[in-house]
Amino acid sequence: MREIVFDTETTGLDPKDGHRVVEIGAVEILNLIPSGRVFHVYIDPERDMPEEAFRVHGLSREFLSQHRKFREIAQEFVDFLEDSPMVAHNADFDVRFLNAEFGLLKLPPLAPARIVDTLAMARRLHPGSPASLDALCQRYGVDLSRRDKHGALLDAGLLAEVYAELRGGRQAALSLATVGVARRAAQRDDLLRARPAPLAPRLSAEEEAAHRAFVAAMKTPLWDKYPSPENSGGEQSPSAA
């Protein structure tokens with residue numbers, strides 16, 4: 001199943017106040033595994049950058065002015081999305097901004113039915129626990145060391161790992177394949193390791209004697225039809241000749 005995990009950065013909190021999208025990061029996943037295909041753009045918002053937003057993502061007006069405007073990347077983004085389900089954390093925020101941008105261009109909005117909100121998923125799975133992306137990364141052991149500021153593509157990549165955990169499928173993720181193989185190998189080695197000391201027999205002397213007598217009375221034991229471990233040349237035992 002193809003899904004797109006995405007995130008946006010913006011100039012503020014509400015598109016109704018004139019705020020715009022300044023970065024989009026999206027990661028394609030196939031059956032919860034990142035395929036390696038990504039979509040990432042910085043966008044000239046055609047307006048100033050409030051200090052509060054700059055402190056969050058570090059994208060200045062000067063930096064963004066060198067990049068394309070939303071109308072210049074919109075079709076490229078839509079083509080990448082195709083008709084796949086879209087996964088975001090606190091998805092209402094990102095979808096409102098994207099739909100506001102699409103509306104300015106008279107493009108169809110994103111349909112609610114295709115949106116998966118990992119914030120809602122986390123609150124259902126872990127009621128009463130912190131459900132921010134940082135908190136979920138810490139819960140699931142996702143490496144946050146690269147994240148000093150918010151970045152759309154970085155956050156989309158982190159969310160893809162968290163989403164796999166929320167769906168119960170992280171063991172299938174390629175990023176964990178080596179860890180999984182090593183863990184399974186260690187478990188196998190534990191199973192195959194010889195006992196440091198043999199277990200004490202639980203049969204009584206009378207039961208052992210009865211078993212030996214029973215075996216001795218057998219005319220053609222099944223195991224005599226196969227090579228004996230004691231024969232170096234792999235010959236059959238005399239009783240099987």
# chains A, B, ... in the order shown; residues from 1 in each chain; ligands from 1
$ closest_atom_pairs --of "segment 16-56 of chain A" --to "segment 94-115 of chain A" --cutoff "9 Å" --atoms "only C-alpha atoms" --output "tab-separated table"
residue	atom	partner	partner_atom	distance
A:Lys16	CA	A:Ala100	CA	8.3
A:His19	CA	A:Phe97	CA	8.3
A:Arg20	CA	A:Phe97	CA	7.0
A:Val21	CA	A:Phe97	CA	6.6
$ residues_around --residues "Ile43 of chain A" --least-positions-apart "5" --cutoff "7 Å" --atoms "only C-alpha atoms" --output "mmCIF file with C-alpha atoms, in the first residue's frame"
data_model
loop_
_atom_site.group_PDB
_atom_site.id
_atom_site.type_symbol
_atom_site.label_atom_id
_atom_site.label_comp_id
_atom_site.auth_asym_id
_atom_site.auth_seq_id
_atom_site.Cartn_x
_atom_site.Cartn_y
_atom_site.Cartn_z
ATOM 1 C CA VAL A 21 3.444 27.585 3.586
ATOM 2 C CA VAL A 22 7.240 27.933 3.371
ATOM 3 C CA GLU A 23 8.391 24.298 3.269
ATOM 4 C CA LEU A 64 13.092 31.838 1.079
ATOM 5 C CA HIS A 67 13.080 29.787 -3.980
ATOM 6 C CA ARG A 68 9.986 29.144 -6.071
ATOM 7 C CA LYS A 69 6.508 30.323 -5.145
ATOM 8 C CA PHE A 70 3.732 27.869 -4.301
#
$ atom_distance --atom1 "atom CA of Gly141 of chain A" --atom2 "atom CA of Asp7 of chain A"
20.4 Å
$ atom_distance --atom1 "atom CA of Glu76 of chain A" --atom2 "atom CA of Glu3 of chain A"
16.9 Å
$ closest_residue --among "A:Thr8, A:Ser129, A:Gln138, A:Asn90" --to "Phe39 of chain A" --atoms "only C-alpha atoms"
A:Thr8
$ closest_residue --among "A:Ser65, A:Thr220, A:Ser35, A:Thr10" --to "Ala160 of chain A" --atoms "only C-alpha atoms"
A:Ser35
